[in-house]
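Peer 1: Input structure: coords-v5.cif, which contains mmCIF, C-alpha atoms.
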data_target
#
loop_
_atom_site.group_PDB
_atom_site.id
_atom_site.type_symbol
_atom_site.label_atom_id
_atom_site.label_comp_id
_atom_site.auth_asym_id
_atom_site.auth_seq_id
_atom_site.Cartn_x
_atom_site.Cartn_y
_atom_site.Cartn_z
ATOM 1 C CA MET A 6 164.229 -87.496 117.588
ATOM 2 C CA ASN A 7 164.395 -91.223 116.940
ATOM 3 C CA ILE A 8 161.859 -93.329 115.057
ATOM 4 C CA GLU A 9 160.337 -94.878 118.196
ATOM 5 C CA LEU A 10 159.554 -91.472 119.684
ATOM 6 C CA GLU A 11 158.262 -90.121 116.374
ATOM 7 C CA THR A 12 155.953 -93.125 116.001
ATOM 8 C CA PHE A 13 154.784 -92.798 119.593
ATOM 9 C CA LEU A 14 153.967 -89.108 119.112
ATOM 10 C CA LEU A 15 152.042 -89.841 115.925
ATOM 11 C CA TYR A 16 149.885 -92.475 117.613
ATOM 12 C CA TYR A 17 149.586 -90.385 120.789
ATOM 13 C CA THR A 18 148.252 -87.450 118.788
ATOM 14 C CA CYS A 19 145.749 -89.670 116.962
ATOM 15 C CA TRP A 20 144.566 -91.161 120.252
ATOM 16 C CA HIS A 21 144.348 -87.740 121.893
ATOM 17 C CA GLU A 22 142.250 -86.487 118.959
ATOM 18 C CA GLY A 23 139.857 -89.420 119.481
ATOM 19 C CA GLU A 24 140.701 -91.316 116.302
ATOM 20 C CA PHE A 25 140.918 -94.639 118.151
ATOM 21 C CA PRO A 26 140.615 -96.022 121.722
ATOM 22 C CA LEU A 27 143.502 -96.449 124.134
ATOM 23 C CA ALA A 28 143.636 -100.243 123.646
ATOM 24 C CA GLU A 29 144.130 -99.764 119.900
ATOM 25 C CA PHE A 30 146.756 -97.084 120.597
ATOM 26 C CA LYS A 31 148.781 -99.533 122.684
ATOM 27 C CA LYS A 32 148.319 -102.488 120.307
ATOM 28 C CA SER A 33 149.312 -100.416 117.279
ATOM 29 C CA LEU A 34 152.438 -99.144 119.017
ATOM 30 C CA LEU A 35 153.474 -102.618 120.108
ATOM 31 C CA ASP A 36 152.941 -103.926 116.560
ATOM 32 C CA GLU A 37 154.889 -101.027 115.070
ATOM 33 C CA ILE A 38 157.856 -100.541 117.437
ATOM 34 C CA GLY A 39 157.702 -103.492 119.862
ATOM 35 C CA ALA A 40 157.868 -103.545 123.648
ATOM 36 C CA GLU A 41 161.448 -102.276 123.862
ATOM 37 C CA GLY A 42 160.719 -99.481 121.373
ATOM 38 C CA LEU A 43 157.668 -98.446 123.384
ATOM 39 C CA LYS A 44 159.677 -98.460 126.607
ATOM 40 C CA SER A 45 162.363 -96.303 124.970
ATOM 41 C CA ALA A 46 159.790 -93.901 123.530
ATOM 42 C CA LEU A 47 158.023 -93.528 126.882
ATOM 43 C CA ASN A 48 161.297 -92.768 128.641
ATOM 44 C CA GLN A 49 162.136 -90.102 126.077
ATOM 45 C CA PHE A 50 158.581 -88.723 126.186
ATOM 46 C CA LYS A 51 158.674 -88.419 129.974
ATOM 47 C CA GLY A 52 162.056 -86.709 129.696
ATOM 48 C CA MET A 53 160.613 -84.195 127.236
ATOM 49 C CA CYS A 54 157.356 -83.476 129.017
ATOM 50 C CA GLY A 55 157.873 -84.447 132.622
ATOM 51 C CA ASN A 56 155.687 -86.916 134.443
ATOM 52 C CA TYR A 57 152.706 -84.666 135.006
ATOM 53 C CA ARG A 58 152.366 -82.609 131.828
ATOM 54 C CA THR A 59 150.538 -83.646 128.720
ATOM 55 C CA TYR A 60 152.184 -83.492 125.340
ATOM 56 C CA TYR A 61 149.825 -80.684 124.405
ATOM 57 C CA GLU A 62 150.904 -78.619 127.422
ATOM 58 C CA PHE A 63 154.500 -79.264 126.391
ATOM 59 C CA GLN A 64 153.776 -78.149 122.814
ATOM 60 C CA LYS A 65 152.113 -74.938 124.074
ATOM 61 C CA ASP A 66 155.198 -74.138 126.135
ATOM 62 C CA LEU A 67 157.390 -74.710 123.085
ATOM 63 C CA GLU A 68 155.273 -72.314 121.043
ATOM 64 C CA LYS A 69 155.690 -69.624 123.716
ATOM 65 C CA CYS A 70 159.476 -69.921 123.407
ATOM 66 C CA LYS A 71 159.527 -69.291 119.662
#
The structure given in the file should be rewritten as structure tokens.

Peer 2:
Amino acid sequence: MNIELETFLLYYTCWHEGEFPLAEFKKSLLDEIGAEGLKSALNQFKGMCGNYRTYYEFQKDLEKCK
């Protein structure tokens, strides 16, 4: 996993847990990894989880496979 995706997942988890609003989620990501980094992370994230599954659904499926 590259740094852009790791950063995205960290902020995504914080946003999903209600630690900050969506606008702050996006601003923080852009400040941290930039527009190209965010685009790369989103492409990888969609590849991992598909377009219609949440990260949490993806994580549950991973746990079932262990």

Peer 1: Can you list, as a VMD selection string, every protein, DNA or RNA residue that comes within 10 Å of stretch 22-33 of chain A when you count all atoms listed in the file, leaving out same-chain residues fewer than 6 positions away?

Peer 2: chain A and resid 12 to 13 16 39 to 40 43

Peer 1: Using only C-alpha atoms, pick whichever of A:Met53, A:Glu62, A:Glu9, A:His21 has the shortest atom-to-atom distance to A:Glu41.

Peer 2: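 Looking only at the distances to A:Glu41, the closest residue turns out to be A:Glu9.
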
Peer 1: Can you list, as a ChimeraX atom specification, the residues that the PyMOL selection byres ((chain A and resi 7) around 10) selects here?

Peer 2: /A:6,8-12,45-46,49

Peer 1: What are the centre and the three edge lengths of an axis-aligned box that wraps all atoms of stretch 16-20 of chain A in the file, given that 8 Å is added to every side, written as AutoDock Vina command-line options and rounded to one decimal in Å?

Peer 2:
--center_x 147.2 --center_y -90.0 --center_z 118.9 --size_x 21.3 --size_y 21.0 --size_z 19.8
